[in-house]
Amino acid sequence: MSRPAAELVVEPLTPDRWPDLVELFGPNGASSGCWCMWWRLSARAWQDAAGAGNRRALATIVAEDRQPGLVAYAGDTPVGWCSVAPRTKFPRLDRSPKLKPVDDAPVWSVVCFYIAPRARATGVATALLEGAVELARSGGARIIEGYPVDPGDGAATNAAAFTGVLELYRRAGFTEVLRRGGRPIVRRVLDHD
């Protein structure tokens, strides 16, 4: 049974938490051997490394303590993942006609969510997005950006919604700033007290 969102804790992915991400992602690396390297590599490099190579690539980032994202826990159990970092860490975004930069402003990007099937629809994605905002703020970001899908009145499949859905971002205070080819780009300006 899934736990309520109030019991969720979100932590940066550090070397000591790597086994938790491995447990969460399972043998398929969350989806199709991705290991959340899709946005970090070219299409060819990602395909060539699919599976074990992508796992090694993410493990290297984690071992160097570059904290490529956040892990959500319900108690001691890892239940969700969010990839968040400065946009420059995700070069594939720049090659996408729909997701190329809006302007020259430096931004942090939220590019991926993975929620354990048993924990979906329990507030995990919301907690992760809130954590992503705080991580970006603590990293000095002035703007955080996301690239959700907009299912309109329908529902997006879990596979299609790996970047999040528009309503998730709206509830978290993000505003749509541009839409290319039906794909919204949303931003939230971060205050620094």
# chains A, B, ... in the order shown; residues from 1 in each chain; ligands from 1
>>> closest_atom_pairs(of="stretch 115-167 of chain A", to="stretch 78-99 of chain A", cutoff="7 Å", atoms="only C-alpha atoms", output="Markdown table")
| residue | atom | partner | partner_atom | distance |
| --- | --- | --- | --- | --- |
| A:Ile115 | CA | A:Gly80 | CA | 4.3 |
| A:Ala116 | CA | A:Val79 | CA | 5.1 |
| A:Ala119 | CA | A:Val79 | CA | 6.2 |
| A:Val124 | CA | A:Gly80 | CA | 6.4 |
| A:Leu128 | CA | A:Cys82 | CA | 6.1 |
| A:Ala132 | CA | A:Val84 | CA | 6.2 |
>>> closest_residue(among="A:Leu168, A:Val149, A:Leu135, A:Leu8", to="A:Leu190", atoms="only C-alpha atoms")
A:Leu135
>>> closest_residue(among="A:Tyr73, A:Trp108, A:Phe162, A:Trp46", to="A:Leu58", atoms="only C-alpha atoms")
A:Trp46
>>> select_by_dssp(residues="stretch 3-183 of chain A", states="strand (DSSP E)", output="short mmCIF file (atom, residue, chain, number, x, y, z; two decimals) with C-alpha atoms, in the first residue's frame")
data_model
loop_
_atom_site.label_atom_id
_atom_site.label_comp_id
_atom_site.auth_asym_id
_atom_site.auth_seq_id
_atom_site.Cartn_x
_atom_site.Cartn_y
_atom_site.Cartn_z
CA LEU A 8 7.77 11.64 1.95
CA VAL A 9 11.35 12.82 2.29
CA VAL A 10 13.32 14.11 -0.72
CA GLU A 11 17.12 13.93 -0.74
CA PRO A 12 19.85 14.71 -3.29
CA GLY A 69 18.88 14.79 -9.09
CA LEU A 70 16.71 13.84 -6.17
CA VAL A 71 15.38 10.64 -4.65
CA ALA A 72 12.05 10.55 -2.80
CA TYR A 73 11.59 8.14 0.08
CA ALA A 74 8.52 6.83 1.85
CA THR A 77 11.92 2.92 0.67
CA PRO A 78 12.95 4.85 -2.47
CA VAL A 79 9.75 5.68 -4.39
CA GLY A 80 10.69 8.42 -6.87
CA TRP A 81 13.37 10.20 -8.85
CA CYS A 82 13.71 13.63 -10.43
CA SER A 83 16.60 14.74 -12.63
CA VAL A 84 17.42 18.41 -12.08
CA ALA A 85 20.59 20.39 -12.82
CA PRO A 86 21.76 23.45 -14.71
CA TRP A 108 18.18 25.02 -14.20
CA SER A 109 16.13 22.29 -15.86
CA VAL A 110 13.85 19.57 -14.56
CA VAL A 111 14.00 16.91 -17.26
CA CYS A 112 12.78 13.62 -15.84
CA PHE A 113 10.61 11.97 -13.22
CA TYR A 114 10.36 8.30 -12.40
CA ILE A 115 7.83 7.19 -9.80
CA ILE A 143 15.11 30.50 -12.98
CA ILE A 144 14.05 26.86 -13.06
CA GLU A 145 12.50 25.43 -16.19
CA GLY A 146 10.51 22.33 -17.13
CA THR A 175 4.19 29.66 -15.82
CA GLU A 176 4.19 28.67 -19.47
CA VAL A 177 6.57 30.96 -21.34
CA LEU A 178 6.64 29.34 -24.77
CA ARG A 179 5.09 26.50 -26.72
CA ARG A 180 6.67 24.99 -29.80
CA ARG A 183 5.25 21.23 -26.23
#
>>> select_by_dssp(residues="stretch 49-191 of chain A", states="alpha helix (DSSP H)", output="VMD selection string")
chain A and resid 49 52 to 63 124 to 138 166 to 171
>>> atom_distance(atom1="atom CA of A:Asp103", atom2="atom CA of A:Ala141")
15.3 Å
>>> atom_distance(atom1="atom CA of A:Met37", atom2="atom CA of A:Ala57")
7.7 Å
>>> closest_residue(among="A:Asp191, A:Glu7, A:Gly181, A:Gly152", to="A:Asp76", atoms="only C-alpha atoms")
A:Glu7
>>> atom_distance(atom1="atom CA of A:Ala105", atom2="atom CA of A:Ala45")
27.8 Å
